[in-house]
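Okay, data-v2.cif now, which holds mmCIF, C-alpha atoms:
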```
data_data
#
loop_
_atom_site.label_atom_id
_atom_site.label_comp_id
_atom_site.auth_asym_id
_atom_site.auth_seq_id
_atom_site.Cartn_x
_atom_site.Cartn_y
_atom_site.Cartn_z
CA MET A 1439 0.85 -13.98 -28.57
CA SER A 1440 2.25 -16.45 -26.06
CA LEU A 1441 0.42 -16.87 -22.76
CA PRO A 1442 0.58 -16.21 -19.90
CA LYS A 1443 1.66 -12.63 -20.60
CA LYS A 1444 2.39 -9.69 -18.31
CA GLU A 1445 2.42 -6.11 -19.56
CA THR A 1446 2.09 -2.49 -18.48
CA ILE A 1447 -0.34 -0.34 -20.44
CA GLN A 1448 -0.46 3.44 -20.04
CA VAL A 1449 -4.14 4.22 -20.71
CA ASP A 1450 -3.84 8.00 -20.26
CA GLU A 1451 -1.74 10.44 -18.25
CA ASN A 1452 -3.25 9.18 -14.96
CA ILE A 1453 -4.42 5.60 -15.56
CA THR A 1454 -1.99 2.69 -15.78
CA HIS A 1455 -3.06 -0.93 -16.26
CA TYR A 1456 -0.76 -3.67 -14.99
CA VAL A 1457 -2.06 -6.69 -16.91
CA TYR A 1458 -1.72 -10.45 -16.47
CA LYS A 1459 -3.27 -12.40 -19.34
CA MET A 1460 -3.88 -16.13 -19.34
CA LEU A 1461 -5.82 -18.30 -21.76
CA ASN A 1462 -9.26 -17.78 -20.24
CA HIS A 1463 -8.40 -15.31 -17.54
CA GLU A 1464 -7.30 -11.68 -17.41
CA MET A 1465 -6.36 -9.72 -14.31
CA ILE A 1466 -5.76 -5.98 -14.36
CA LEU A 1467 -4.38 -3.94 -11.47
CA LYS A 1468 -5.59 -0.44 -12.31
CA TYR A 1469 -3.65 2.50 -10.87
CA ASP A 1470 -5.07 6.04 -10.94
CA GLU A 1471 -2.26 8.52 -10.32
CA SER A 1472 -4.71 11.40 -9.74
CA LYS A 1473 -6.13 9.70 -6.63
CA CYS A 1474 -2.85 8.55 -5.08
CA ILE A 1475 -2.14 10.13 -1.69
CA GLN A 1476 1.25 8.41 -1.31
CA CYS A 1477 0.16 6.81 1.96
CA GLY A 1478 2.55 3.84 1.74
CA PHE A 1479 0.01 1.16 2.66
CA CYS A 1480 0.29 -0.70 -0.65
CA HIS A 1481 4.02 -1.19 -0.15
CA ARG A 1482 3.48 -2.57 3.35
CA VAL A 1483 0.69 -5.05 2.61
CA CYS A 1484 2.23 -6.58 -0.53
CA PRO A 1485 2.92 -10.24 0.35
CA VAL A 1486 5.84 -10.46 -2.07
CA THR A 1487 9.17 -9.72 -0.40
CA ILE A 1488 12.32 -9.67 -2.49
CA SER A 1489 15.82 -9.64 -1.02
CA ILE A 1490 18.12 -7.34 -2.96
CA TYR A 1491 21.65 -8.69 -3.32
CA ASP A 1492 21.36 -10.31 0.12
CA GLU A 1493 21.08 -6.91 1.77
CA PRO A 1494 18.64 -6.41 4.66
CA LEU A 1495 16.82 -3.89 2.45
CA LYS A 1496 13.90 -5.55 0.71
CA LYS A 1497 11.42 -4.52 -1.91
CA THR A 1498 7.91 -5.66 -2.68
CA ALA A 1499 6.04 -5.76 -6.00
CA ILE A 1500 4.67 -2.24 -5.49
CA GLY A 1501 5.96 1.00 -3.99
CA THR A 1502 7.48 4.35 -4.76
CA PRO A 1503 10.12 4.46 -7.52
CA GLU A 1504 12.74 4.96 -4.80
CA GLU A 1505 11.55 1.94 -2.84
CA MET A 1506 11.35 -0.13 -6.01
CA ARG A 1507 14.64 1.14 -7.44
CA ILE A 1508 12.84 1.90 -10.70
CA GLU A 1509 13.22 5.18 -12.55
CA SER A 1510 9.80 6.77 -12.98
CA ASP A 1511 7.99 10.06 -12.45
CA LYS A 1512 4.96 8.25 -11.01
CA LYS A 1513 4.07 8.28 -7.33
CA ILE A 1514 4.06 4.47 -7.20
CA VAL A 1515 5.06 1.74 -9.65
CA VAL A 1516 4.43 -2.00 -9.96
CA ASP A 1517 7.02 -4.63 -10.83
CA THR A 1518 4.99 -6.99 -13.04
CA ASP A 1519 7.71 -9.64 -12.79
CA LYS A 1520 7.02 -9.88 -9.05
CA CYS A 1521 3.30 -8.99 -8.78
CA ILE A 1522 0.92 -11.91 -8.17
CA TRP A 1523 -2.29 -9.84 -8.66
CA CYS A 1524 -3.65 -10.85 -5.26
CA GLY A 1525 -5.41 -7.51 -4.69
CA SER A 1526 -4.03 -6.88 -1.20
CA CYS A 1527 -2.95 -3.39 -2.22
CA SER A 1528 -6.37 -2.46 -3.65
CA TRP A 1529 -8.07 -4.00 -0.61
CA ILE A 1530 -6.40 -1.53 1.76
CA CYS A 1531 -5.78 1.53 -0.46
CA PRO A 1532 -7.16 4.55 1.45
CA GLY A 1533 -7.41 6.75 -1.66
CA TYR A 1534 -9.27 4.30 -3.92
CA THR A 1535 -6.22 4.58 -6.16
CA LEU A 1536 -5.85 0.87 -6.92
CA GLU A 1537 -8.50 -1.44 -8.32
CA LEU A 1538 -8.22 -5.13 -9.18
CA LEU A 1539 -10.27 -6.29 -12.16
CA ILE A 1540 -10.69 -10.01 -12.86
CA ASN A 1541 -12.18 -10.61 -16.30
CA GLY A 1542 -13.50 -7.06 -16.17
CA GLU A 1543 -15.15 -7.45 -12.76
CA ASN A 1544 -14.01 -5.56 -9.68
CA LYS A 1545 -13.30 -8.33 -7.18
CA ILE A 1546 -10.70 -9.62 -4.74
CA LEU A 1547 -10.60 -13.40 -4.42
CA LEU A 1548 -8.84 -13.27 -1.05
CA VAL A 1549 -11.80 -11.36 0.39
CA GLU A 1550 -14.34 -13.65 -1.24
CA ASN A 1551 -12.72 -16.79 0.21
CA GLY A 1552 -12.35 -15.21 3.65
CA SER A 1553 -8.55 -14.96 3.69
CA LEU A 1554 -8.71 -11.17 3.96
CA PRO A 1555 -11.46 -9.65 6.08
CA GLU A 1556 -13.97 -6.94 5.45
CA PHE A 1557 -13.63 -4.03 7.83
CA LYS A 1558 -15.46 -0.87 8.76
CA GLU A 1559 -14.40 2.18 6.76
CA GLU A 1560 -14.52 5.82 7.77
CA VAL A 1561 -14.79 7.77 4.51
CA ARG A 1562 -14.49 11.52 4.00
CA THR A 1563 -14.04 13.91 1.09
CA LEU A 1564 -10.98 16.15 0.86
CA ASP A 1565 -11.18 19.80 -0.17
CA ASP A 1566 -10.12 18.89 -3.71
CA GLY A 1567 -12.96 16.37 -4.04
CA ARG A 1568 -10.93 13.17 -3.58
CA LYS A 1569 -12.34 10.54 -1.24
CA VAL A 1570 -10.17 8.87 1.39
CA ARG A 1571 -10.92 6.23 3.98
CA LYS A 1572 -9.47 5.44 7.38
CA VAL A 1573 -8.97 1.72 7.91
CA VAL A 1574 -6.80 1.47 11.05
CA GLU A 1575 -7.04 2.75 14.61
CA GLY A 1576 -4.10 4.03 16.61
CA SER A 1577 -2.26 7.19 17.59
CA ILE A 1578 0.30 9.66 16.28
CA LYS A 1579 2.81 11.84 18.12
CA ILE A 1580 4.89 14.58 16.45
CA THR A 1581 7.83 16.17 18.25
CA CYS A 1582 8.92 19.43 16.64
CA ASN A 1583 12.14 21.18 17.70
CA GLU A 1584 12.40 23.15 14.48
CA LYS A 1585 12.65 26.95 14.84
CA ASP A 1586 12.21 27.89 11.18
CA THR A 1587 8.48 28.24 10.52
CA LYS A 1588 9.03 27.91 6.76
CA ILE A 1589 10.50 24.44 7.30
CA ILE A 1590 7.61 23.56 9.63
CA ASP A 1591 5.10 24.73 7.01
CA LYS A 1592 6.88 22.62 4.40
CA PHE A 1593 6.57 19.57 6.62
CA VAL A 1594 2.90 20.27 7.35
CA ASP A 1595 2.28 20.33 3.59
CA GLU A 1596 3.64 16.77 3.36
CA CYS A 1597 0.29 15.49 4.65
CA SER A 1598 -1.95 14.47 1.77
CA VAL A 1599 -5.19 14.46 3.77
CA ASP A 1600 -4.95 17.95 5.35
CA ALA A 1601 -4.60 16.53 8.86
CA MET A 1602 -1.65 18.70 9.96
CA SER A 1603 -1.42 22.41 10.72
CA ARG A 1604 1.03 24.77 12.43
CA GLU A 1605 0.31 26.79 15.55
CA GLY A 1606 3.31 28.99 16.28
CA LYS A 1607 6.20 26.52 16.16
CA ASN A 1608 4.08 23.52 17.06
CA ILE A 1609 2.59 20.95 14.69
CA ILE A 1610 -1.02 20.06 15.38
CA VAL A 1611 -2.63 16.86 14.12
CA ASP A 1612 -6.39 16.68 13.57
CA LYS A 1613 -7.06 13.11 14.71
CA ASP A 1614 -10.43 13.09 12.98
CA LYS A 1615 -8.68 13.68 9.64
CA CYS A 1616 -5.48 11.64 10.13
CA ILE A 1617 -5.62 8.18 8.53
CA LEU A 1618 -2.43 6.98 10.28
CA CYS A 1619 -0.62 6.37 7.01
CA PHE A 1620 3.13 6.29 6.43
CA LYS A 1621 3.56 9.58 4.55
CA CYS A 1622 4.52 11.97 7.36
CA SER A 1623 6.63 9.39 9.23
CA ASP A 1624 8.57 8.66 6.03
CA ALA A 1625 8.86 12.38 5.24
CA ALA A 1626 10.18 13.15 8.74
CA LYS A 1627 13.40 11.35 7.85
CA LYS A 1628 14.29 14.38 5.71
CA TYR A 1629 13.81 16.81 8.63
CA ASP A 1630 16.49 16.94 11.30
CA ASN A 1631 14.34 18.55 13.99
CA ILE A 1632 11.00 16.81 13.49
CA GLU A 1633 10.15 13.32 14.72
CA VAL A 1634 7.00 11.33 14.08
CA GLU A 1635 5.83 8.31 16.03
CA VAL A 1636 2.81 6.44 14.65
CA HIS A 1637 1.13 3.47 16.30
CA ARG A 1638 -1.27 1.49 14.13
CA ASP A 1639 -2.90 -0.72 16.73
CA ARG A 1640 -5.63 -2.53 14.84
CA PHE A 1641 -7.93 -2.50 11.84
CA ARG A 1642 -11.38 -1.03 12.32
CA ASN A 1643 -14.07 -3.57 13.28
CA VAL A 1644 -12.81 -6.57 11.31
CA LYS A 1645 -15.55 -8.96 10.18
CA GLY A 1646 -14.99 -12.71 10.08
CA GLU A 1647 -12.08 -14.85 11.22
CA PRO A 1648 -9.37 -14.60 8.53
CA GLY A 1649 -6.32 -16.85 8.66
CA SER A 1650 -2.54 -16.79 8.55
CA VAL A 1651 -2.23 -14.63 5.43
CA TRP A 1652 -4.23 -11.92 7.15
CA ASN A 1653 -2.06 -12.24 10.25
CA GLY A 1654 1.11 -11.81 8.17
CA ILE A 1655 -0.23 -8.72 6.41
CA MET A 1656 -1.55 -7.22 9.64
CA LEU A 1657 1.86 -7.54 11.27
CA ARG A 1658 3.42 -5.53 8.46
CA VAL A 1659 0.82 -2.76 8.68
CA THR A 1660 0.88 -2.43 12.46
CA GLY A 1661 4.67 -2.53 12.48
CA VAL A 1662 4.97 -5.39 14.95
CA GLU A 1663 7.33 -7.11 12.53
CA GLY A 1664 9.03 -3.93 11.35
CA LYS A 1665 8.47 -1.88 8.20
CA ILE A 1666 8.91 -4.80 5.81
CA LYS A 1667 9.96 -8.08 7.32
CA GLY A 1668 9.94 -11.07 5.03
CA ILE A 1669 11.98 -13.97 3.79
CA MET A 1670 15.69 -13.32 3.20
CA SER A 1671 15.99 -16.16 0.70
CA ARG A 1672 15.66 -15.15 -2.94
CA SER A 1673 14.01 -18.45 -3.82
CA GLN A 1674 11.35 -18.65 -1.10
CA ASN A 1675 8.57 -16.34 -0.03
CA LYS A 1676 6.21 -18.20 2.26
CA LEU A 1677 3.57 -15.49 2.52
CA ALA A 1678 3.36 -14.99 -1.24
CA ASP A 1679 3.23 -18.75 -1.81
CA ALA A 1680 0.35 -19.03 0.66
CA VAL A 1681 -1.52 -16.22 -1.09
CA MET A 1682 -1.12 -17.88 -4.48
CA ARG A 1683 -2.44 -21.19 -3.17
CA LEU A 1684 -5.47 -19.47 -1.70
CA MET A 1685 -6.15 -17.82 -5.04
CA GLY A 1686 -5.87 -21.15 -6.85
CA LYS A 1687 -3.38 -19.39 -9.06
CA GLU A 1688 -0.97 -22.28 -9.55
CA LEU A 1689 -3.80 -24.41 -10.96
CA GLU A 1690 -4.98 -21.60 -13.22
CA GLU A 1691 -1.53 -21.15 -14.69
CA GLU A 1692 -1.26 -24.86 -15.40
CA GLU A 1693 -4.63 -24.80 -17.16
CA ALA A 1694 -3.55 -21.74 -19.20
#
```
Full structure transcribed into structure tokens:
Amino acid sequence: MSLPKKETIQVDENITHYVYKMLNHEMILKYDESKCIQCGFCHRVCPVTISIYDEPLKKTAIGTPEEMRIESDKKIVVDTDKCIWCGSCSWICPGYTLELLINGENKILLVENGSLPEFKEEVRTLDDGRKVRKVVEGSIKITCNEKDTKIIDKFVDECSVDAMSREGKNIIVDKDKCILCFKCSDAAKKYDNIEVEVHRDRFRNVKGEPGSVWNGIMLRVTGVEGKIKGIMSRSQNKLADAVMRLMGKELEEEEA
């Protein structure tokens, strides 16, 4: 077997391992489909930004099959050709769906070296037993001009954390349950008479003083720089390059 090697291993119907093997090093991004709440955070924090045929539309190394332009019945997929196994997606994942294992140990180097901060989590358990955490503060506003209650109920069901309900023809958001993810705002694009405005103002009680990589990721999550704003060039990705240097990954690959 030639190294380094990247592969996707389907462990069972829910667990997928995205594996990067080097000579003395193995990194596994573990994805548990049963825990995925389709929040969209992983797609936003991924530092890899790929321009597609010079179009303004970009894709990262992780996202929904539609976002990734990959045929799959999974909620999210990973492009192992683009992934750099930095752990940013597992660091923020509200549903504990993603886990980065380095030589079998659950760890994120970018957190250990201070490039990504620790932050206060607000964890709760959903009715089906899944745990979710809220990592950002902000606000949400839903404008509903829909008259068909069946359509409103369908939209309310889009929420994966049971934060929305219908009262008459109005949509009510339980702010204690809402995690300010991207699911309802993305879903609203399919509804002509429902609009969602989400403001993600800040992460909750960030510890430490992380650097430029953190600033770049934070801008993507809060939306200051747009949904996904990155490098248009196919050959350069400054944020991803910075992440790899902080991980010492270039040196590791040379040693492998």
Between CA of Ile1447 in chain A and CA of Lys1621 in chain A - distance in Å to one decimal: 27.2 Å
For Thr1446 in chain A: contacts at 10 Å, all atoms listed in the file, fewer than 2 positions along chain excluded, given as a PyMOL selection string: chain A and resi 1444+1448-1449+1454-1458+1466-1467+1516-1518
Which residue of A:Glu1445, A:Glu1559, A:Glu1504, A:Glu1575 approaches His1637 in chain A most closely, using all atoms listed in the file: A:Glu1575
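Between CA of Arg1571 in chain A and CA of Lys1615 in chain A the separation is 9.6 Å.
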The PyMOL selection byres ((chain A and resi 1546) around 12) resolved against shown file, as a ChimeraX atom specification: /A:1465-1467,1523-1530,1536-1541,1543-1545,1547-1556,1681,1684-1685
Restricting the output to C-alpha atoms, write the selected residues as a PDB file, in the frame of the given file.
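File selection39.pdb, as written:
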```pdb
ATOM      1  CA  MET A1465      -6.360  -9.720 -14.310  1.00  0.00           C
ATOM      2  CA  ILE A1466      -5.760  -5.980 -14.360  1.00  0.00           C
ATOM      3  CA  LEU A1467      -4.380  -3.940 -11.470  1.00  0.00           C
ATOM      4  CA  TRP A1523      -2.290  -9.840  -8.660  1.00  0.00           C
ATOM      5  CA  CYS A1524      -3.650 -10.850  -5.260  1.00  0.00           C
ATOM      6  CA  GLY A1525      -5.410  -7.510  -4.690  1.00  0.00           C
ATOM      7  CA  SER A1526      -4.030  -6.880  -1.200  1.00  0.00           C
ATOM      8  CA  CYS A1527      -2.950  -3.390  -2.220  1.00  0.00           C
ATOM      9  CA  SER A1528      -6.370  -2.460  -3.650  1.00  0.00           C
ATOM     10  CA  TRP A1529      -8.070  -4.000  -0.610  1.00  0.00           C
ATOM     11  CA  ILE A1530      -6.400  -1.530   1.760  1.00  0.00           C
ATOM     12  CA  LEU A1536      -5.850   0.870  -6.920  1.00  0.00           C
ATOM     13  CA  GLU A1537      -8.500  -1.440  -8.320  1.00  0.00           C
ATOM     14  CA  LEU A1538      -8.220  -5.130  -9.180  1.00  0.00           C
ATOM     15  CA  LEU A1539     -10.270  -6.290 -12.160  1.00  0.00           C
ATOM     16  CA  ILE A1540     -10.690 -10.010 -12.860  1.00  0.00           C
ATOM     17  CA  ASN A1541     -12.180 -10.610 -16.300  1.00  0.00           C
ATOM     18  CA  GLU A1543     -15.150  -7.450 -12.760  1.00  0.00           C
ATOM     19  CA  ASN A1544     -14.010  -5.560  -9.680  1.00  0.00           C
ATOM     20  CA  LYS A1545     -13.300  -8.330  -7.180  1.00  0.00           C
ATOM     21  CA  LEU A1547     -10.600 -13.400  -4.420  1.00  0.00           C
ATOM     22  CA  LEU A1548      -8.840 -13.270  -1.050  1.00  0.00           C
ATOM     23  CA  VAL A1549     -11.800 -11.360   0.390  1.00  0.00           C
ATOM     24  CA  GLU A1550     -14.340 -13.650  -1.240  1.00  0.00           C
ATOM     25  CA  ASN A1551     -12.720 -16.790   0.210  1.00  0.00           C
ATOM     26  CA  GLY A1552     -12.350 -15.210   3.650  1.00  0.00           C
ATOM     27  CA  SER A1553      -8.550 -14.960   3.690  1.00  0.00           C
ATOM     28  CA  LEU A1554      -8.710 -11.170   3.960  1.00  0.00           C
ATOM     29  CA  PRO A1555     -11.460  -9.650   6.080  1.00  0.00           C
ATOM     30  CA  GLU A1556     -13.970  -6.940   5.450  1.00  0.00           C
ATOM     31  CA  VAL A1681      -1.520 -16.220  -1.090  1.00  0.00           C
ATOM     32  CA  LEU A1684      -5.470 -19.470  -1.700  1.00  0.00           C
ATOM     33  CA  MET A1685      -6.150 -17.820  -5.040  1.00  0.00           C
TER      34      MET A1685
END
```
Hits of the PyMOL selection byres ((chain A and resi 1644) around 7) in this structure, as a PyMOL selection string: chain A and resi 1555-1558+1641-1643+1645-1646
Of the listed residues A:Val1599, A:Ala1680, A:Val1570, A:Ile1590, that which approaches Tyr1629 in chain A most closely, counting only C-alpha atoms: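 Ranked by minimum distance to Tyr1629 in chain A, first place goes to A:Ile1590.
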Can you save range 1545-1556 of chain A of the given block to a file, including N, CA and C atoms and formatted as a short mmCIF file (atom, residue, chain, number, x, y, z; two decimals), in the first residue's frame?
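Contents of the output file out10.cif:
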```cif
data_model
loop_
_atom_site.label_atom_id
_atom_site.label_comp_id
_atom_site.auth_asym_id
_atom_site.auth_seq_id
_atom_site.Cartn_x
_atom_site.Cartn_y
_atom_site.Cartn_z
N LYS A 1545 -8.92 14.20 19.32
CA LYS A 1545 -8.22 15.45 19.59
C LYS A 1545 -8.26 16.35 18.37
N ILE A 1546 -8.14 17.65 18.61
CA ILE A 1546 -8.10 18.64 17.54
C ILE A 1546 -6.86 19.49 17.77
N LEU A 1547 -5.88 19.37 16.89
CA LEU A 1547 -4.62 20.06 17.06
C LEU A 1547 -4.79 21.57 17.08
N LEU A 1548 -5.72 22.09 16.29
CA LEU A 1548 -5.92 23.53 16.22
C LEU A 1548 -6.44 24.10 17.54
N VAL A 1549 -7.12 23.28 18.33
CA VAL A 1549 -7.55 23.71 19.66
C VAL A 1549 -6.39 23.62 20.63
N GLU A 1550 -5.63 22.53 20.51
CA GLU A 1550 -4.49 22.34 21.42
C GLU A 1550 -3.43 23.42 21.26
N ASN A 1551 -3.22 23.90 20.02
CA ASN A 1551 -2.19 24.94 19.84
C ASN A 1551 -2.76 26.37 19.92
N GLY A 1552 -4.05 26.47 20.28
CA GLY A 1552 -4.64 27.78 20.52
C GLY A 1552 -5.16 28.50 19.30
N SER A 1553 -5.11 27.86 18.13
CA SER A 1553 -5.59 28.51 16.91
C SER A 1553 -7.10 28.59 16.86
N LEU A 1554 -7.77 27.60 17.42
CA LEU A 1554 -9.22 27.62 17.59
C LEU A 1554 -9.50 27.65 19.08
N PRO A 1555 -10.47 28.44 19.51
CA PRO A 1555 -10.70 28.60 20.95
C PRO A 1555 -11.63 27.53 21.52
N GLU A 1556 -11.59 27.41 22.82
CA GLU A 1556 -12.64 26.71 23.53
C GLU A 1556 -13.75 27.71 23.78
#
```
